[in-house]
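Below you'll find the structure, written out as structure tokens, and then a few comments.
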Amino acid sequence: MHIMEKSKILIQLDTDAQPSVFDRVVAIDSGVDQLFSYGNVKPEQVEALVHGAIFTRSPADLKNTAIFIGGSDITIGEQILGIIRGIFKNTGMSVSVMLDSNGSNTTAAAAVRAAVRHTDVASSHALILGGTGPVGQRAALILARTGAHVRIGSRQIPRAEAICQAIRSKIPGANVEAVSTASSADGPKVLEGRDLVIAAGAAGAVLLPQKIRATNQSLRVAIDLNAVPPVGIEGIEIFDKAVTRDNTVCYGAIGVGGTKMKIHRAAIAKMFESNDQILDAEEIYDIALRL
Amino acid sequence: MHIMEKSKILIQLDTDAQPSVFDRVVAIDSGVDQLFSYGNVKPEQVEALVHGAIFTRSPADLKNTAIFIGGSDITIGEQILGIIRGIFKNTGMSVSVMLDSNGSNTTAAAAVRAAVRHTDVASSHALILGGTGPVGQRAALILARTGAHVRIGSRQIPRAEAICQAIRSKIPGANVEAVSTASSADGPKVLEGRDLVIAAGAAGAVLLPQKIRATNQSLRVAIDLNAVPPVGIEGIEIFDKAVTRDNTVCYGAIGVGGTKMKIHRAAIAKMFESNDQILDAEEIYDIALRL
Amino acid sequence: MHIMEKSKILIQLDTDAQPSVFDRVVAIDSGVDQLFSYGNVKPEQVEALVHGAIFTRSPADLKNTAIFIGGSDITIGEQILGIIRGIFKNTGMSVSVMLDSNGSNTTAAAAVRAAVRHTDVASSHALILGGTGPVGQRAALILARTGAHVRIGSRQIPRAEAICQAIRSKIPGANVEAVSTASSADGPKVLEGRDLVIAAGAAGAVLLPQKIRATNQSLRVAIDLNAVPPVGIEGIEIFDKAVTRDNTVCYGAIGVGGTKMKIHRAAIAKMFESNDQILDAEEIYDIALRL
């Protein structure tokens with residue numbers, strides 16, 4: 001008999017030297033009672049840590065233990081998630097897990113969630129600039145799943161094609177297309193016919209100059225996810241939140257930041273509803289839609 | 001005047017790179033309010049950490065601060081306990097401390113506690129296979145203290161003799177005997193006349209084959225502490241919990257796991273009753289007996 | 001609308017390998033709900049950590065997040081405080097911050113607070129022995145601000161002069177004077193006319209021998225901050241708390257320890273009153289005066 005509910009324990013596996021303060025504050029503000037924060041987590045350390053999560057509480061109580069994977073390196077983050085899936089399979093035990101290295105899933109979900117307010121994303125023609133980075137990939141995946149046609153832009157077209165393949169392997173028949181953004185001459189062509197553009201490139205690169213946007217007639221929603229000037233879509237300001245500029249509804253990084261935080265908190269809270277959830281891009285977007 | 005009781009603080013000194021999730025969850029589920037977890041703890045760091053424990057609260061409040069020593073290396077764990085005893089002696093101040101590196105004390109106590117349900121351990125003739133490892137040593141010590149005759153088996157007889165000496169130095173007149181388990185021919189001889197056998201060897205080694213057990217008439221209780229197949233006592237299954245096989249009551253590692261967890265939680269809770277308890281093998285077994 | 005007050009989060013940035021247990025216990029006993037403890041903090045890691053503090057809660061809630069800078073190296077501690085001030089300036093966002101590396105600010109404030117009970121420090125003539133160390137510098141600064149005439153003693157006079165300059169740059173017209181304590185012959189001269197002496201030197205060095213004190217007529221209050229014998233002011237005992245010896249009121253390290261703890265706790269609690277306080281030597285002394 002359990003009279004008292006078990007404490008909600010979140011195990012933060014962070015691949016950076018110091019576990020993220022950002023993720024810790026959000027965890028606490030999402031209702032976590034006890035936060036076990038690990039920094040500098042290596043793939044070979046994951047098994048012992050996860051065994052400690054799954055072998056310490058009765059099955060009925062395991063929904064009160066969960067794992068958060070963070071840190072700036074999404075590649076190692078995904079590797080750790082893969083290891084955890086394997087442990088769950090081998091042991092038949094599990095706790096819920098959320099992957100949000102570099103804030104990639106919550107940011108991508110927030111961007112698409114913002115677009116949904118202004119356009120029918122299911123029938124949209126989207127362009128992701130910086131589409132091979134952690135956030136860009138996930139925004140493309142989420143849009144493709146809704147049924148959108150998605151152009152994935154990269155300066156290196158083979159990298160964009162690899163992302164397209166990865167998305168098609170998850171979503172058979174996904175409507176994705178790799179496009180080159182290597183030269184400034186590519187701009188008008190890749191933007192042609194697009195009603196939604198999301199810029200998720202690295203800091204410091206202008207991906208869509210003002211003069212190219214000015215010649216385009218199709219664009220309805222433009223979202224830039226760079227919090228540090230210069231932004232990727234010239235003319236957007238980081239605080240923009242549904243600001244109309246040149247007939248286009250614009251969002252900047254801080255403009256979607258509030259939604260990102262709400263999604264992040266809701267995803268943390270949702271993990272504690274059962275012990276069998278794996279929250280990656282698509283699941284986190286589902287949470288975003290229900291906010 | 002203290003109106004509010006101080007938070008129960010547990011300081012986890014773990015010698016592994018990442019402090020054990022297992023020990024952290026159990027600590028929280030034992031009623032600890034604030035868990036200070038340290039990984040990669042080095043003996044030379046212990047003094048400053050312990051000073052922080054003993055010099056921050058009034059003597060009356062020190063029962064609300066305690067130290068847990070964990071990690072996979074019991075040798076360093078024991079060294080740290082020794083350093084802490086020295087600090088308490090030098091300063092005249094103390095908090096309660098529990099040593100459970102590698103789960104050794106709680107596992108050994110759980111194994112003997114299981115045996116107590118089926119036999120009079122005080123008059124038993126026991127054999128510890130893998131008797132020089134962290135769990136085996138402690139099981140032998142606990143049994144010797146109850147008055148049992150204990151054979152300590154090892155492939156290297158000098159190591160088993162060293163453990164016997166160590167036990168005799170703690171328990172004058174302890175009835176312990178070093179036996180060789182180097183060759184398969186040793187099996188029937190060391191098992192002869194034994195009513196209790198506990199296998200606490202390293203993973204992957206069969207210490208007691210089925211055919212040897214089949215020829216033995218004295219064995220009443222057999223406990224295997226290896227959670228990963230093959231188990232040390234052939235024929236036992238890891239989920240066995242008082243399962244009778246060939247007239248012998250059998251326990252596997254998971255079969256004693258529930259008791260181990262209860263002992264672990266009770267030991268953590270007990271530390272907060274006063275500021276002067278050192279919980280090592282014998283004290284943890286005393287707690288096990290009162291459950 | 002916030003029905004529930006946010007948890008009080010303290011972010012402990014410790015420059016030592018293991019974050020101080022001492023500072024952690026005091027934080028919890030000061031009412032902190034969630035303590036995020038970081039060890040081995042490097043200046044280049046501070047920005048990401050501080051961004052996590054200032055960008056996760058609404059401005060109205062930021063008073064419930066604060067930063068504590070600790071560790072044994074006050075120089076790196078001050079560097080980290082400088083970095084944090086810069087981040088606050090650049091972002092226009094802030095949380096409260098307290099610097100107490102090596103316990104320097106709380107110890108210096110406690111020493112001067114003890115002196116206040118027995119003498120009018122504003123008109124006192126003080127001597128700080130070991131005046132260039134972390135605690136000594138801060139005691140000198142606090143005394144200078146009250147208007148005292150302060151001699152700052154060091155075996156290396158250029159170092160003492162550098163401290164004088166630093167104090168004058170913060171307090172124009174500060175009445176500070178560098179004095180040499182290089183040879184035993186310096187003692188009577190630097191002590192002449194002093195009514196207050198505070199010894200804050202490194203462990204193991206007798207800074208003021210009994211025979212020099214015996215020939216001095218002016219001394220009224222003597223405070224020694226060394227907790228490990230030999231104390232810096234010969235004749236004082238570490239438990240002395242307003243003990244009169246040779247017409248001088250004496251305090252030892254443990255004698256001022258209770259006041260230090262009260263100041264430390266009050267300073268932690270004060271950070272959570274608003275999100276814009278920087279608690280360094282002078283601010284912590286102000287808190288000490290109000291206790």
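Going through the structure tokens in order, the chains are called A, B, and so on, while each chain numbers its residues from 1 and the ligands are numbered from 1 in the order shown.
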Kindly provide the residues of chain A that approach chain C to within 10 Å, each paired with its closest atom pair and their distance in Å to one decimal, based on only C-alpha atoms, listed by chain and increasing number, as a tab-separated table.
residue	atom	partner	partner_atom	distance
A:Ala17	CA	C:Gln45	CA	8.7
A:Gln18	CA	C:Tyr38	CA	7.2
A:Pro19	CA	C:Tyr38	CA	8.5
A:Ser20	CA	C:Leu49	CA	6.7
A:Val21	CA	C:Gly52	CA	4.7
A:Phe22	CA	C:Gly52	CA	3.8
A:Asp23	CA	C:Gly52	CA	7.5
A:Arg24	CA	C:Phe36	CA	8.0
A:Val25	CA	C:Thr56	CA	6.6
A:Val26	CA	C:Thr56	CA	6.7
A:Ile28	CA	C:Ser7	CA	7.6
A:Asp29	CA	C:Lys6	CA	7.2
A:Gly31	CA	C:Ser7	CA	9.8
A:Asp33	CA	C:Gln34	CA	9.1
A:Gln34	CA	C:Gln34	CA	8.6
A:Leu35	CA	C:Gln34	CA	8.9
A:Phe36	CA	C:Phe36	CA	9.8
A:Ser37	CA	C:Phe36	CA	8.5
A:Gly39	CA	C:Tyr38	CA	9.6
A:Gly257	CA	C:Phe55	CA	9.7
A:Gly258	CA	C:Thr56	CA	9.6
A:Met261	CA	C:Thr56	CA	7.9
Review point. Do you know which residues are at most 10 Å from stretch 170-180 of chain B counting only C-alpha atoms, after dropping those on the same chain fewer than 2 positions away, and could you put them as a PyMOL selection string?
Key: chain B and resi 125-129+131-132+140-141+143-168+182-183+186-187+189-190
Check your understanding: Among stretch 56-199 of chain B, which ones does DSSP place in alpha helix (DSSP H), written as a ChimeraX atom specification?
Key -> /B:74-91,104-116,134-146,157-170,186-191
Check your understanding: Leaving out C:Ile84 and any residue of its chain fewer than 2 positions from it, which residues lie within 8 Å of it when counting only C-alpha atoms, given as a list of chain:residue names?
Key -> C:Val46, C:Glu47, C:Val50, C:Ile80, C:Leu81, C:Gly82, C:Gly86, C:Ile87, C:Phe88
For the residues selected in the previous step, produce a file with N, CA and C atoms as a short mmCIF file (atom, residue, chain, number, x, y, z; two decimals), in the first residue's frame.
data_model
loop_
_atom_site.label_atom_id
_atom_site.label_comp_id
_atom_site.auth_asym_id
_atom_site.auth_seq_id
_atom_site.Cartn_x
_atom_site.Cartn_y
_atom_site.Cartn_z
N VAL C 46 30.73 30.38 -17.41
CA VAL C 46 29.80 31.18 -16.62
C VAL C 46 28.65 31.72 -17.47
N GLU C 47 28.94 32.15 -18.70
CA GLU C 47 27.89 32.79 -19.49
C GLU C 47 26.69 31.86 -19.70
N VAL C 50 24.75 31.43 -16.48
CA VAL C 50 23.99 32.62 -16.06
C VAL C 50 22.82 32.87 -17.01
N ILE C 80 34.73 35.77 -11.75
CA ILE C 80 33.39 35.28 -12.12
C ILE C 80 32.34 36.33 -11.82
N LEU C 81 32.48 37.01 -10.67
CA LEU C 81 31.52 38.08 -10.38
C LEU C 81 31.58 39.17 -11.45
N GLY C 82 32.79 39.50 -11.89
CA GLY C 82 32.94 40.49 -12.96
C GLY C 82 32.25 40.06 -14.24
N GLY C 86 28.93 41.81 -16.18
CA GLY C 86 28.94 42.13 -17.61
C GLY C 86 27.71 41.55 -18.32
N ILE C 87 27.37 40.31 -17.98
CA ILE C 87 26.21 39.67 -18.61
C ILE C 87 24.93 40.43 -18.25
N PHE C 88 24.82 40.83 -17.00
CA PHE C 88 23.64 41.58 -16.57
C PHE C 88 23.53 42.88 -17.36
#
Exercise for review: Can you work out the spacing between atom CA of C:Glu5 and atom CA of C:Met271 in Å, to one decimal?
Suggested key: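 Separation of atom CA of C:Glu5 and atom CA of C:Met271: 15.7 Å.
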Review point. Which polymer residues have any atom within 10 Å of an atom of A:Gly77, counting only C-alpha atoms, with same-chain residues fewer than 4 positions away left out, as a PyMOL selection string?
Key: chain A and resi 13-15+41-43+68-73+81-83+99-102
Writer output for current selection, C-alpha atoms, as a PDB file, in the first residue's frame:
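Okay, this is what ended up in part-v2.pdb:
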ATOM      1  CA  LEU A  13      21.784  13.371 -18.566  1.00  0.00           C
ATOM      2  CA  ASP A  14      23.698  16.296 -20.022  1.00  0.00           C
ATOM      3  CA  THR A  15      26.594  15.748 -22.409  1.00  0.00           C
ATOM      4  CA  VAL A  41      27.705  12.098 -19.535  1.00  0.00           C
ATOM      5  CA  LYS A  42      29.403   9.534 -21.743  1.00  0.00           C
ATOM      6  CA  PRO A  43      27.535   6.829 -23.691  1.00  0.00           C
ATOM      7  CA  PHE A  68      15.890  14.057 -19.718  1.00  0.00           C
ATOM      8  CA  ILE A  69      18.676  14.031 -22.311  1.00  0.00           C
ATOM      9  CA  GLY A  70      20.287  17.426 -22.899  1.00  0.00           C
ATOM     10  CA  GLY A  71      23.497  19.194 -23.780  1.00  0.00           C
ATOM     11  CA  SER A  72      24.650  21.013 -26.850  1.00  0.00           C
ATOM     12  CA  ASP A  73      25.551  17.938 -28.916  1.00  0.00           C
ATOM     13  CA  LEU A  81      18.541   7.799 -26.531  1.00  0.00           C
ATOM     14  CA  GLY A  82      19.374   4.778 -28.703  1.00  0.00           C
ATOM     15  CA  ILE A  83      21.264   3.152 -25.832  1.00  0.00           C
ATOM     16  CA  LEU A  99      15.349  14.198 -25.780  1.00  0.00           C
ATOM     17  CA  ASP A 100      15.956  17.914 -26.126  1.00  0.00           C
ATOM     18  CA  SER A 101      19.676  18.378 -26.753  1.00  0.00           C
ATOM     19  CA  ASN A 102      20.364  21.989 -27.645  1.00  0.00           C
TER      20      ASN A 102
END
